[in-house]
Structure formats: C-alpha cells, structure tokens
Amino acid sequence: MDRKTPRKFATTPGTRDVLPPESTRLLDVQTRIRERFRLFGFREVVTPALEYSEVIEEHGLRDASYKLFDPDNQMLLLRPEMTTPIARLVSQRLAGSPPPHKLSYVLPAYRRASVGRGQSAELYQAGVEVVGSPSPREDASAIALLVDVLQSLGLEAPSDFAVVLGQSAFYSGYLRHTAPEAATGVTAALAAKDLVAVDAIARDLAADAAAGVSGIPRLVGPATDGSIIEEAGSFAIGEEAVAALDNLREILRHLEAHGALGAVILDLGLIGRHDYYTGAVYEAYAAGLGFTIANGGRYDNLLRRFGKEMPATGFAIYLERLLSVLPEEEPPPLLVLVGGDVDGIEATAGLRRLGVPVLHLSEDLSPGDAAEYARSVEAAWISYPATGGVKLATTDPPGDFVFMDAESVARTVLP
Amino acid sequence: MSGLRVAVPKGAIFEDALSALERAGMPAHVLRENGRRLVYRAGETEFIVSRPSDVPVFVEYGAADVGIVGKDVLEEHKHNVVELKDLGTGRCRMILAAPESRAEDVRRAIRHAEVVRVATKFPDTARRYFERMGRQAEVIELHGSIELAPLVGLAECIVDLTATGTTLRENHLVELDEISTSTARLISNRGAYRLRHREIAALADAMQESGDPVG
C-alpha cells in the first residue's frame, strides 16, 4: 500500500480550511457587518449556491464559474457573484411588493482562481443591492453605508482606506459624442487600465476630442477638492455626459450630507466592468493592499434580462481581503476550566451564567499541561474548581493561582 | 514625491530605468552604490530591485507603489496594474524566428496550418500570435537560451525578444515575422494610483520620454 498522503486529501486548488483565530475574526466581521446592514434597514437574503448557467450572462464570469450538470443534464454554475442571483430573486419573488428592494447578503461566491495569483476560489462576500430606484441618492447612501461599515470595523479614511468613485456614463457619453469612431478602442484600453494606449489613440484624434480622451481619465483626486468636478465640467459635452456629471454632482452632494465625502476619491477614468455598470462605479482600496476590498456601482440593465426594467445599485465587500487590512484584535475572552468531577460542572455552569465563556476539560490535567492546552485555543485564563469559586491563573505568562468567587472571575475575565 | 516604493528591473533596462527616475528627480543614484542589495532607501523613497517579470507582481500586490517594466512582460502576464507612461527606452521587438536552413520549411508549414513547435519564454504571447493568424502551434516554454531549441531539434522556430538581432545572427536564425514592439513602461498599483495620486501623477509627468513613444 502507498504510504504517502493521498493527494486528494488536500483542499482543492484555491480553497482552504479557515481555522481559529482567523475563522473567529471572519465570523465576527460578518456579524458586525450584518449589524450595520440591519441598522440601515437592509434585509438579508440567502440564495442557492447553484444557479442555472443561463442566469449568469457575462462571459468573464461564466468562464470563471465552476460548472456541473444536474440529473436532467442542465448545466449549473456555482454562483460566481451575488448580484445576479439577487436580481433573479427580485424579478421572480418580489414583483408584487413595492420598490425599492433593499436587500443584503453575507455569503461566499465561487470562481476558478488563477493559481499563484493570491486569489481565492471561494470568496467570502458581504454586500447590499438596492433594486428599483434610479436615484443617485440611493448610490450615495450605498456608498455611505460602505464607508460606515469600513469605519465601524476600525479603518479610518482617508489614511487607511478610500472609496474611489467614477461615473462610467460620463466618459462613454463624451466618447459617443466627440469621438464615436474611437470609442471601442479607448474603452477597451481604459478597461485594461492602459493609459499609454489611451494616449496613443488620442494622438490620432482631432485636438478637441483628444483633450477629453486623455484628459478625463487623469481627473483623479479627493472628492472634497471641488476642482476635479469643475475640470470635468469642461468635458461635459453632449447630453449623456452632461447628465452623467449632474448625476455625479448629486451623489457628491448627498455623500457630503452623509458625512462620507472625506472617504471618497474621484477618478473619472474608473469605468469598472464597462458593459455592466451604467452610472456610478466605485472601488474601495486600503493602504498598502493592491486589490480592491470592495466594489460596486449602478447596473440599470441587469434586471432587463429577467424581464423587469428595474434600475439597481449595490456593492460587495471581499471579506478575506478586508480581514487582511483590519487592525489586530485581542482574542475574545476564554477560560479553560480543568476538573472532571461534579464540582467542575457546577463551577462551569456558575461562570457561564455570568456570561464567562468557559471551555470545560473533563480530563484532569496538570497546571503545565492545562496552560499549554489553553495557549493552543487562545484562552487567556486557566482555572480549577475550588469550594465556593475557582482557582484562577493567567496562561501567558503563567501566573500563580488565586482563589476567586464566580463574580470576581467574571469581572477579571470579561472586558 | 516622497514615500513611494519603486520596483526597478534588473538586466537590460536597469540603467535606462535609473536615468529616467533620476531625470524625474528621484534619488535613484543609491541603486548604483552596491549591486547586491535588494532594498535601497533614500530619504523616504524606497527602491526594490527584482527580475523584470517580477516587477508587475510586486506592483499588482501593492508591495511596490510603482514600477518600471517592459511592455513585453505586461503583454505576457496581463497583470492588473495601471500603465501610466511609455518611457520610450529599452526598445525591443517580439519576433518569430527560425534557423536559416529551415526557414522556408517553417514558413510553408505555417502557411498550410500545420502544427509547428515553438520554443519561447513568452508562451501566452506565442499562443495569441498563432491564434490570431488562425494557425496552430505547440508551444514549449523555456526559461533561457531559447536560441538553442531549434539548433538541437527541440522546436522548429522560436518566439523571442530581440533588440539588435546579434544573438539571432550568431545562431544563424532569421526573422520570419515581427509580433510586436516593446518599450519600458511606468506602471502603478491600482490602489496606490488613486490613494497617492498626487505623487504618482507628478512622477509620471516628470519622467521624460527619451526616444519616440511607440504608437
């Protein structure tokens, strides 16, 4: 028999087991995000991990999806993102109730990861969608909620993070009006974030068209700096671009009222997935991390595919990336109580009644072994039952045992 | 423009990259001091030196804010970075080449859509090139001395970079086609480009193009 570990006992490429303390942090962050979503009136939904492949339209997402076949030989996908399943849900289940539908989710999505690029095949996400309102004010309140969530998790703007905001209809409107022949090439170059190629195309255009083609993507800076929008005004040529800029101004006006403007950086060259986003588009970045920790925007055309003309806007937060930039936190309080007999059970129950988290070991361990065990589960305290209370000691560094009654233990252990 | 971390590639475009950074007022001269270090500090600016193909990796992950790298590397790996400026230096060409003696055979094989074996350090670039022409190729990825492959029968032709053509001539290889041209680019991480836009835009503006940009 082969004695080597069978290869297929590993997790599949791009996936992993999440263990404490990371799993604890992940779940805590999910809980705190849920609280903020609820505070803003969003109602949480759960959709199936499997969808018919037809539900997802975008080629990139379909290619990246895990596929399987059901007993009727229909192709299914593991959802590669949450927005489309929610659009499907709204169009099928909520047609009778009045819009806007403010829904949230905290679920993983699945994408084939390119191995070695630090991407995960199982992406823990948390996000919201506002379906059924075309108002830029809903874009602003979604962005304000994103800022609120990130701040409530201990990040500060703009030193730790910023939401980069663009308006995809502004550039596309400008292109359609002033340089329609170059629109496809320029959009592709900008989507690839290749400003060199954008400039190369601009050089072949008439001077007035070229000014905006290479000028608009360079309008980047803090949203509190009014000069960016002012400069953008000089490129607001054609009905679409004018409307898009008005839309952006309205979003900014409301972001200011939300108190979130300081967390926003404008980038008029940000177009996101340009065949998907129809207006506001944004990405959140944290200092020192190259990848987005959240992204979102307005997608007014997606619901059409499910037979409903419903404008919509929303965002998704990538929880693993977010975790990697959150400040370190003390592990939650935990006490290991060692003692196998009835007095151990009584002491444990007494502490738990006072809200002290207790891991009870019914095997009798020596203080040294108990401390080693406590360290392995990140418990800061070990204790043994004693008449009228417990003997309590710190784990790291190992302290002397002190007798305390249950109330004193609760005061000592709980923050 | 201080406090940025700049990734600089070893090898062919190292000197040009240094000159361009110095012309932009960056204290890149520290990189000339000691050839074995990996991280150099000058005031608040930090320079890291890496293999050219690793520069966009450092930048994409945010381990460096900006970097200098050849367009050939960006074309091959499609990293998610912002391409800010064509520096015009380090000009070279991606070409298809075959041994003189068999050049005609390879041409004919490609014309007839036969499968040809191609050795290259740029497998994606080679694959895309043949796909675009509607031709078929078996791409063999090597990591050095590509010219050796057709000489010993590992491949019939190669896709490789050439600046002057000297290595090709020395190995009796002839160019069959030019696939693309490449120059050095200033790239930036997507987050840093927005969060530190003032410094990075100033750096991009200050890095003078020397030579004509590739259109």
# chains A, B, ... in the order shown; residues from 1 in each chain; ligands from 1

call {"tool": "residues_around", "arguments": {"residues": "Ile48 in chain B", "least_positions_apart": "2", "cutoff": "10 Å", "atoms": "only C-alpha atoms", "output": "PDB file with C-alpha atoms, in the first residue's frame"}}
result
ATOM      1  CA  ARG B   5       8.237  52.359  -3.102  1.00  0.00           C
ATOM      2  CA  VAL B   6       9.564  51.860  -6.606  1.00  0.00           C
ATOM      3  CA  ALA B   7      10.245  48.475  -8.236  1.00  0.00           C
ATOM      4  CA  VAL B   8      13.170  48.564 -10.662  1.00  0.00           C
ATOM      5  CA  PRO B   9      14.033  45.662 -13.004  1.00  0.00           C
ATOM      6  CA  LYS B  10      17.476  44.080 -13.159  1.00  0.00           C
ATOM      7  CA  LEU B  31      20.938  51.970  -6.686  1.00  0.00           C
ATOM      8  CA  ARG B  37      21.274  44.622  -2.122  1.00  0.00           C
ATOM      9  CA  LEU B  38      17.579  44.102  -2.730  1.00  0.00           C
ATOM     10  CA  VAL B  39      16.145  47.146  -0.971  1.00  0.00           C
ATOM     11  CA  TYR B  40      17.586  50.658  -1.141  1.00  0.00           C
ATOM     12  CA  ARG B  41      16.407  53.658   0.826  1.00  0.00           C
ATOM     13  CA  GLU B  46      12.405  53.052  -1.249  1.00  0.00           C
ATOM     14  CA  SER B  50      13.839  42.381  -8.938  1.00  0.00           C
ATOM     15  CA  VAL B  55       8.190  43.815 -11.174  1.00  0.00           C
ATOM     16  CA  PHE B  58       5.269  43.371  -6.672  1.00  0.00           C
ATOM     17  CA  ALA B  63       4.249  45.565  -2.325  1.00  0.00           C
ATOM     18  CA  ALA B  64       5.508  48.408  -4.531  1.00  0.00           C
ATOM     19  CA  GLY B  67       7.468  50.056 -11.117  1.00  0.00           C
TER      20      GLY B  67
END

call {"tool": "closest_atom_pairs", "arguments": {"of": "chain B", "to": "chain A", "cutoff": "12 Å", "atoms": "only C-alpha atoms", "output": "JSON lines"}}
result
{"residue": "B:Leu4", "atom": "CA", "partner": "A:Gly288", "partner_atom": "CA", "distance": 10.9}
{"residue": "B:Arg5", "atom": "CA", "partner": "A:Gly288", "partner_atom": "CA", "distance": 10.5}
{"residue": "B:Pro56", "atom": "CA", "partner": "A:Gly290", "partner_atom": "CA", "distance": 11.2}
{"residue": "B:Val57", "atom": "CA", "partner": "A:Arg117", "partner_atom": "CA", "distance": 8.7}
{"residue": "B:Phe58", "atom": "CA", "partner": "A:Gly290", "partner_atom": "CA", "distance": 9.2}
{"residue": "B:Val59", "atom": "CA", "partner": "A:Gly290", "partner_atom": "CA", "distance": 7.4}
{"residue": "B:Glu60", "atom": "CA", "partner": "A:Gly290", "partner_atom": "CA", "distance": 5.6}
{"residue": "B:Tyr61", "atom": "CA", "partner": "A:Gly290", "partner_atom": "CA", "distance": 4.5}
{"residue": "B:Gly62", "atom": "CA", "partner": "A:Gly290", "partner_atom": "CA", "distance": 4.0}
{"residue": "B:Ala63", "atom": "CA", "partner": "A:Gly288", "partner_atom": "CA", "distance": 7.0}
{"residue": "B:Ala64", "atom": "CA", "partner": "A:Gly288", "partner_atom": "CA", "distance": 8.4}
{"residue": "B:Asp65", "atom": "CA", "partner": "A:Gly288", "partner_atom": "CA", "distance": 8.3}
{"residue": "B:Val66", "atom": "CA", "partner": "A:Gly290", "partner_atom": "CA", "distance": 11.0}
{"residue": "B:Lys71", "atom": "CA", "partner": "A:Val196", "partner_atom": "CA", "distance": 10.5}
{"residue": "B:Leu74", "atom": "CA", "partner": "A:Asp194", "partner_atom": "CA", "distance": 10.3}
{"residue": "B:Glu75", "atom": "CA", "partner": "A:Asp194", "partner_atom": "CA", "distance": 11.1}
{"residue": "B:His77", "atom": "CA", "partner": "A:Arg117", "partner_atom": "CA", "distance": 10.9}
{"residue": "B:Lys78", "atom": "CA", "partner": "A:Ala192", "partner_atom": "CA", "distance": 8.9}
{"residue": "B:His79", "atom": "CA", "partner": "A:Ala192", "partner_atom": "CA", "distance": 9.4}
{"residue": "B:Asn80", "atom": "CA", "partner": "A:Ala192", "partner_atom": "CA", "distance": 7.7}
{"residue": "B:Val81", "atom": "CA", "partner": "A:Lys193", "partner_atom": "CA", "distance": 6.8}
{"residue": "B:Val82", "atom": "CA", "partner": "A:Lys193", "partner_atom": "CA", "distance": 4.8}
{"residue": "B:Glu83", "atom": "CA", "partner": "A:Asp194", "partner_atom": "CA", "distance": 4.6}
{"residue": "B:Leu84", "atom": "CA", "partner": "A:Leu195", "partner_atom": "CA", "distance": 5.4}
{"residue": "B:Lys85", "atom": "CA", "partner": "A:Val196", "partner_atom": "CA", "distance": 5.6}
{"residue": "B:Asp86", "atom": "CA", "partner": "A:Val196", "partner_atom": "CA", "distance": 6.1}
{"residue": "B:Leu87", "atom": "CA", "partner": "A:Val196", "partner_atom": "CA", "distance": 9.9}
{"residue": "B:Gly88", "atom": "CA", "partner": "A:Val196", "partner_atom": "CA", "distance": 11.1}
{"residue": "B:Thr183", "atom": "CA", "partner": "A:Val196", "partner_atom": "CA", "distance": 11.2}
{"residue": "B:Ala184", "atom": "CA", "partner": "A:Val196", "partner_atom": "CA", "distance": 11.2}
{"residue": "B:Arg185", "atom": "CA", "partner": "A:Val196", "partner_atom": "CA", "distance": 8.5}
{"residue": "B:Leu186", "atom": "CA", "partner": "A:Val196", "partner_atom": "CA", "distance": 9.4}
{"residue": "B:Ile187", "atom": "CA", "partner": "A:Asp194", "partner_atom": "CA", "distance": 9.1}
{"residue": "B:Ser188", "atom": "CA", "partner": "A:Gly290", "partner_atom": "CA", "distance": 9.5}
{"residue": "B:Asn189", "atom": "CA", "partner": "A:Gly290", "partner_atom": "CA", "distance": 5.8}
{"residue": "B:Arg190", "atom": "CA", "partner": "A:Gly290", "partner_atom": "CA", "distance": 6.2}
{"residue": "B:Gly191", "atom": "CA", "partner": "A:Gly290", "partner_atom": "CA", "distance": 5.5}
{"residue": "B:Ala192", "atom": "CA", "partner": "A:Gly290", "partner_atom": "CA", "distance": 7.3}
{"residue": "B:Tyr193", "atom": "CA", "partner": "A:Val220", "partner_atom": "CA", "distance": 9.0}
{"residue": "B:Arg194", "atom": "CA", "partner": "A:Val220", "partner_atom": "CA", "distance": 6.8}
{"residue": "B:Leu195", "atom": "CA", "partner": "A:Ala162", "partner_atom": "CA", "distance": 7.1}
{"residue": "B:Arg196", "atom": "CA", "partner": "A:Gly221", "partner_atom": "CA", "distance": 8.9}
{"residue": "B:His197", "atom": "CA", "partner": "A:Gly221", "partner_atom": "CA", "distance": 6.8}
{"residue": "B:Arg198", "atom": "CA", "partner": "A:Gly221", "partner_atom": "CA", "distance": 7.6}
{"residue": "B:Glu199", "atom": "CA", "partner": "A:Gly221", "partner_atom": "CA", "distance": 11.2}
{"residue": "B:Ile200", "atom": "CA", "partner": "A:Val220", "partner_atom": "CA", "distance": 11.1}
{"residue": "B:Ala201", "atom": "CA", "partner": "A:Arg218", "partner_atom": "CA", "distance": 8.6}
{"residue": "B:Ala202", "atom": "CA", "partner": "A:Arg218", "partner_atom": "CA", "distance": 11.6}
{"residue": "B:Ala204", "atom": "CA", "partner": "A:Val196", "partner_atom": "CA", "distance": 11.2}
{"residue": "B:Asp205", "atom": "CA", "partner": "A:Arg218", "partner_atom": "CA", "distance": 11.4}
{"residue": "B:Asp212", "atom": "CA", "partner": "A:Ala200", "partner_atom": "CA", "distance": 11.8}
{"residue": "B:Pro213", "atom": "CA", "partner": "A:Ala200", "partner_atom": "CA", "distance": 8.8}
{"residue": "B:Val214", "atom": "CA", "partner": "A:Ala200", "partner_atom": "CA", "distance": 8.1}
{"residue": "B:Gly215", "atom": "CA", "partner": "A:Ala200", "partner_atom": "CA", "distance": 5.5}

call {"tool": "write_last_selection", "arguments": {"atoms": "N, CA and C atoms", "output": "short mmCIF file (atom, residue, chain, number, x, y, z; two decimals), in the first residue's frame"}}
result
data_model
loop_
_atom_site.label_atom_id
_atom_site.label_comp_id
_atom_site.auth_asym_id
_atom_site.auth_seq_id
_atom_site.Cartn_x
_atom_site.Cartn_y
_atom_site.Cartn_z
N LEU B 4 7.32 56.92 -1.80
CA LEU B 4 6.88 55.86 -2.71
C LEU B 4 7.86 54.69 -2.65
N ARG B 5 7.35 53.49 -2.91
CA ARG B 5 8.24 52.36 -3.10
C ARG B 5 8.22 52.00 -4.59
N PRO B 56 5.91 43.57 -12.16
CA PRO B 56 4.46 43.78 -12.07
C PRO B 56 3.79 42.98 -10.96
N VAL B 57 4.41 41.90 -10.51
CA VAL B 57 3.84 41.13 -9.40
C VAL B 57 3.92 41.95 -8.12
N PHE B 58 5.12 42.51 -7.85
CA PHE B 58 5.27 43.37 -6.67
C PHE B 58 4.27 44.53 -6.73
N VAL B 59 4.12 45.10 -7.91
CA VAL B 59 3.25 46.27 -8.05
C VAL B 59 1.78 45.87 -7.90
N GLU B 60 1.39 44.77 -8.55
CA GLU B 60 -0.01 44.37 -8.50
C GLU B 60 -0.48 44.10 -7.08
N TYR B 61 0.38 43.47 -6.28
CA TYR B 61 0.01 43.14 -4.91
C TYR B 61 0.10 44.32 -3.96
N GLY B 62 0.66 45.43 -4.44
CA GLY B 62 0.78 46.58 -3.56
C GLY B 62 2.07 46.58 -2.75
N ALA B 63 2.96 45.60 -3.02
CA ALA B 63 4.25 45.57 -2.32
C ALA B 63 5.15 46.68 -2.83
N ALA B 64 4.87 47.20 -4.03
CA ALA B 64 5.51 48.41 -4.53
C ALA B 64 4.39 49.30 -5.07
N ASP B 65 4.57 50.63 -4.97
CA ASP B 65 3.54 51.54 -5.47
C ASP B 65 3.62 51.68 -6.98
N VAL B 66 4.85 51.82 -7.47
CA VAL B 66 5.07 51.97 -8.91
C VAL B 66 6.23 51.08 -9.32
N LYS B 71 7.02 46.48 -21.90
CA LYS B 71 5.67 46.16 -22.36
C LYS B 71 5.55 44.66 -22.66
N LEU B 74 4.32 42.92 -19.65
CA LEU B 74 2.90 43.22 -19.38
C LEU B 74 1.99 42.47 -20.35
N GLU B 75 2.42 42.36 -21.61
CA GLU B 75 1.63 41.65 -22.62
C GLU B 75 1.52 40.17 -22.27
N HIS B 77 1.84 38.61 -19.23
CA HIS B 77 1.24 38.15 -17.98
C HIS B 77 -0.08 38.82 -17.64
N LYS B 78 -0.43 39.93 -18.32
CA LYS B 78 -1.71 40.59 -18.09
C LYS B 78 -1.99 40.87 -16.62
N HIS B 79 -1.02 41.47 -15.95
CA HIS B 79 -1.23 41.83 -14.56
C HIS B 79 -2.22 42.97 -14.46
N ASN B 80 -2.93 43.02 -13.35
CA ASN B 80 -3.92 44.06 -13.14
C ASN B 80 -3.26 45.29 -12.51
N VAL B 81 -2.59 46.07 -13.36
CA VAL B 81 -1.90 47.27 -12.91
C VAL B 81 -2.26 48.42 -13.85
N VAL B 82 -2.00 49.65 -13.41
CA VAL B 82 -2.26 50.80 -14.26
C VAL B 82 -0.99 51.12 -15.04
N GLU B 83 -1.13 51.23 -16.36
CA GLU B 83 0.02 51.53 -17.21
C GLU B 83 0.01 53.03 -17.44
N LEU B 84 1.03 53.73 -16.87
CA LEU B 84 0.94 55.19 -16.81
C LEU B 84 1.67 55.90 -17.93
N LYS B 85 2.83 55.37 -18.30
CA LYS B 85 3.67 56.17 -19.18
C LYS B 85 4.58 55.27 -20.01
N ASP B 86 4.72 55.62 -21.27
CA ASP B 86 5.69 54.95 -22.13
C ASP B 86 7.00 55.72 -21.99
N LEU B 87 8.04 55.07 -21.46
CA LEU B 87 9.30 55.78 -21.25
C LEU B 87 10.14 55.81 -22.52
N GLY B 88 9.76 55.04 -23.51
CA GLY B 88 10.43 55.11 -24.81
C GLY B 88 11.77 54.40 -24.83
N THR B 183 8.57 48.78 -25.31
CA THR B 183 9.42 49.76 -24.65
C THR B 183 9.13 49.71 -23.16
N ALA B 184 9.95 50.40 -22.38
CA ALA B 184 9.76 50.38 -20.92
C ALA B 184 8.55 51.23 -20.54
N ARG B 185 7.81 50.76 -19.55
CA ARG B 185 6.61 51.47 -19.09
C ARG B 185 6.70 51.75 -17.60
N LEU B 186 6.10 52.87 -17.22
CA LEU B 186 5.90 53.14 -15.80
C LEU B 186 4.53 52.59 -15.43
N ILE B 187 4.50 51.68 -14.45
CA ILE B 187 3.22 51.11 -14.03
C ILE B 187 2.97 51.44 -12.56
N SER B 188 1.70 51.36 -12.19
CA SER B 188 1.34 51.65 -10.81
C SER B 188 0.31 50.65 -10.33
N ASN B 189 0.35 50.45 -9.05
CA ASN B 189 -0.66 49.66 -8.39
C ASN B 189 -2.01 50.42 -8.43
N ARG B 190 -3.12 49.69 -8.59
CA ARG B 190 -4.43 50.34 -8.77
C ARG B 190 -4.83 51.16 -7.55
N GLY B 191 -4.51 50.66 -6.37
CA GLY B 191 -4.87 51.39 -5.16
C GLY B 191 -3.98 52.61 -4.97
N ALA B 192 -2.67 52.38 -5.07
CA ALA B 192 -1.73 53.49 -4.87
C ALA B 192 -1.97 54.60 -5.88
N TYR B 193 -2.33 54.23 -7.11
CA TYR B 193 -2.59 55.22 -8.16
C TYR B 193 -3.66 56.21 -7.72
N ARG B 194 -4.65 55.74 -6.98
CA ARG B 194 -5.71 56.64 -6.51
C ARG B 194 -5.37 57.24 -5.15
N LEU B 195 -4.90 56.39 -4.22
CA LEU B 195 -4.67 56.89 -2.86
C LEU B 195 -3.50 57.86 -2.82
N ARG B 196 -2.53 57.68 -3.72
CA ARG B 196 -1.34 58.54 -3.71
C ARG B 196 -1.19 59.19 -5.07
N HIS B 197 -2.32 59.62 -5.61
CA HIS B 197 -2.33 60.08 -7.00
C HIS B 197 -1.43 61.28 -7.23
N ARG B 198 -1.41 62.20 -6.26
CA ARG B 198 -0.63 63.41 -6.46
C ARG B 198 0.84 63.07 -6.72
N GLU B 199 1.42 62.22 -5.86
CA GLU B 199 2.84 61.87 -6.01
C GLU B 199 3.09 61.09 -7.29
N ILE B 200 2.17 60.14 -7.57
CA ILE B 200 2.42 59.25 -8.71
C ILE B 200 2.22 59.98 -10.03
N ALA B 201 1.21 60.85 -10.09
CA ALA B 201 1.00 61.62 -11.32
C ALA B 201 2.18 62.55 -11.56
N ALA B 202 2.69 63.14 -10.47
CA ALA B 202 3.84 64.04 -10.61
C ALA B 202 5.05 63.27 -11.14
N ALA B 204 4.98 60.50 -12.97
CA ALA B 204 4.73 60.15 -14.37
C ALA B 204 5.00 61.35 -15.27
N ASP B 205 4.54 62.52 -14.83
CA ASP B 205 4.75 63.72 -15.65
C ASP B 205 6.23 64.05 -15.77
N ASP B 212 11.26 58.04 -29.32
CA ASP B 212 9.87 58.20 -29.71
C ASP B 212 9.01 57.15 -29.03
N PRO B 213 7.86 57.57 -28.54
CA PRO B 213 6.96 56.57 -27.99
C PRO B 213 6.44 55.66 -29.10
N VAL B 214 6.13 54.45 -28.73
CA VAL B 214 5.58 53.53 -29.72
C VAL B 214 4.11 53.84 -29.88
N GLY B 215 3.68 54.06 -31.10
CA GLY B 215 2.30 54.48 -31.31
C GLY B 215 1.31 53.34 -31.26
#

call {"tool": "select_by_dssp", "arguments": {"residues": "range 4-115 of chain A", "states": "strand (DSSP E or B)", "output": "list in words"}}
result
Arg43, Glu44, Leu50, Glu51, Tyr52, Lys67, Leu68, Phe69, Met75, Leu76, Leu77, Leu78, His101, Lys102, Leu103, Ser104, Tyr105, Val106, Leu107, Pro108, Ala109 and Tyr110 of chain A

call {"tool": "residues_around", "arguments": {"residues": "range 175-180 of chain A", "least_positions_apart": "5", "cutoff": "10 Å", "atoms": "only C-alpha atoms", "output": "number ranges by chain"}}
result
A: 169-170, 186-187, 202, 205-206, 208-210, 212-213, 235, 237-241

call {"tool": "select_by_dssp", "arguments": {"residues": "range 178-413 of chain A", "states": "helix (DSSP H, G or I)", "output": "ChimeraX atom specification"}}
result
/A:178,180-191,195-203,207-218,227-233,239-258,261-263,302-306,319-325,342-353,367-376,406-413

call {"tool": "closest_residue", "arguments": {"among": "A:Gly215, A:Gly166, A:Gly259, A:Gly314", "to": "Tyr105 in chain A", "atoms": "only C-alpha atoms"}}
result
A:Gly314

call {"tool": "residues_around", "arguments": {"residues": "range 363-369 of chain A", "least_positions_apart": "4", "cutoff": "7 Å", "atoms": "only C-alpha atoms", "output": "list in words"}}
result
Val338, Gly339, Gly340 and Tyr373 of chain A

call {"tool": "closest_residue", "arguments": {"among": "A:Asp139, A:Glu54, A:Glu320, A:Glu230", "to": "Gly297 in chain A", "atoms": "only C-alpha atoms"}}
result
A:Asp139

call {"tool": "residues_around", "arguments": {"residues": "Ala260 in chain A", "least_positions_apart": "6", "cutoff": "12 Å", "atoms": "only C-alpha atoms", "output": "PyMOL selection string"}}
result
chain A and resi 140-151+156-158+162-163+222-224+251-254

call {"tool": "decode", "arguments": {"residues": "range 389-402 of chain A", "atoms": "N, CA and C atoms", "output": "compact mmCIF listing (two decimals), in the first residue's frame"}}
result
# COMPACT_ATOMS: atom_id res chain seq x y z
N GLY A 389 -15.92 28.73 44.62
CA GLY A 389 -15.41 29.50 43.48
C GLY A 389 -14.41 28.69 42.69
N VAL A 390 -13.38 29.33 42.13
CA VAL A 390 -12.34 28.62 41.37
C VAL A 390 -10.98 29.19 41.73
N LYS A 391 -9.94 28.41 41.42
CA LYS A 391 -8.58 28.93 41.47
C LYS A 391 -8.23 29.37 40.05
N LEU A 392 -7.84 30.60 39.90
CA LEU A 392 -7.67 31.19 38.58
C LEU A 392 -6.22 31.64 38.36
N ALA A 393 -5.70 31.40 37.13
CA ALA A 393 -4.36 31.89 36.79
C ALA A 393 -4.33 32.33 35.33
N THR A 394 -3.42 33.25 35.03
CA THR A 394 -3.25 33.64 33.63
C THR A 394 -2.45 32.57 32.90
N THR A 395 -2.64 32.47 31.60
CA THR A 395 -1.98 31.46 30.79
C THR A 395 -0.61 31.92 30.32
N ASP A 396 -0.56 33.16 29.89
CA ASP A 396 0.64 33.64 29.21
C ASP A 396 0.93 35.06 29.64
N PRO A 397 1.89 35.33 30.51
CA PRO A 397 2.79 34.35 31.13
C PRO A 397 2.06 33.55 32.21
N PRO A 398 2.50 32.32 32.52
CA PRO A 398 1.83 31.50 33.53
C PRO A 398 1.87 32.19 34.88
N GLY A 399 0.70 32.44 35.46
CA GLY A 399 0.65 33.16 36.73
C GLY A 399 0.37 32.21 37.89
N ASP A 400 0.36 32.78 39.10
CA ASP A 400 0.02 31.98 40.28
C ASP A 400 -1.50 31.86 40.38
N PHE A 401 -1.95 30.72 40.93
CA PHE A 401 -3.38 30.52 41.09
C PHE A 401 -3.91 31.32 42.27
N VAL A 402 -5.00 32.03 42.04
CA VAL A 402 -5.63 32.86 43.07
C VAL A 402 -7.07 32.40 43.21
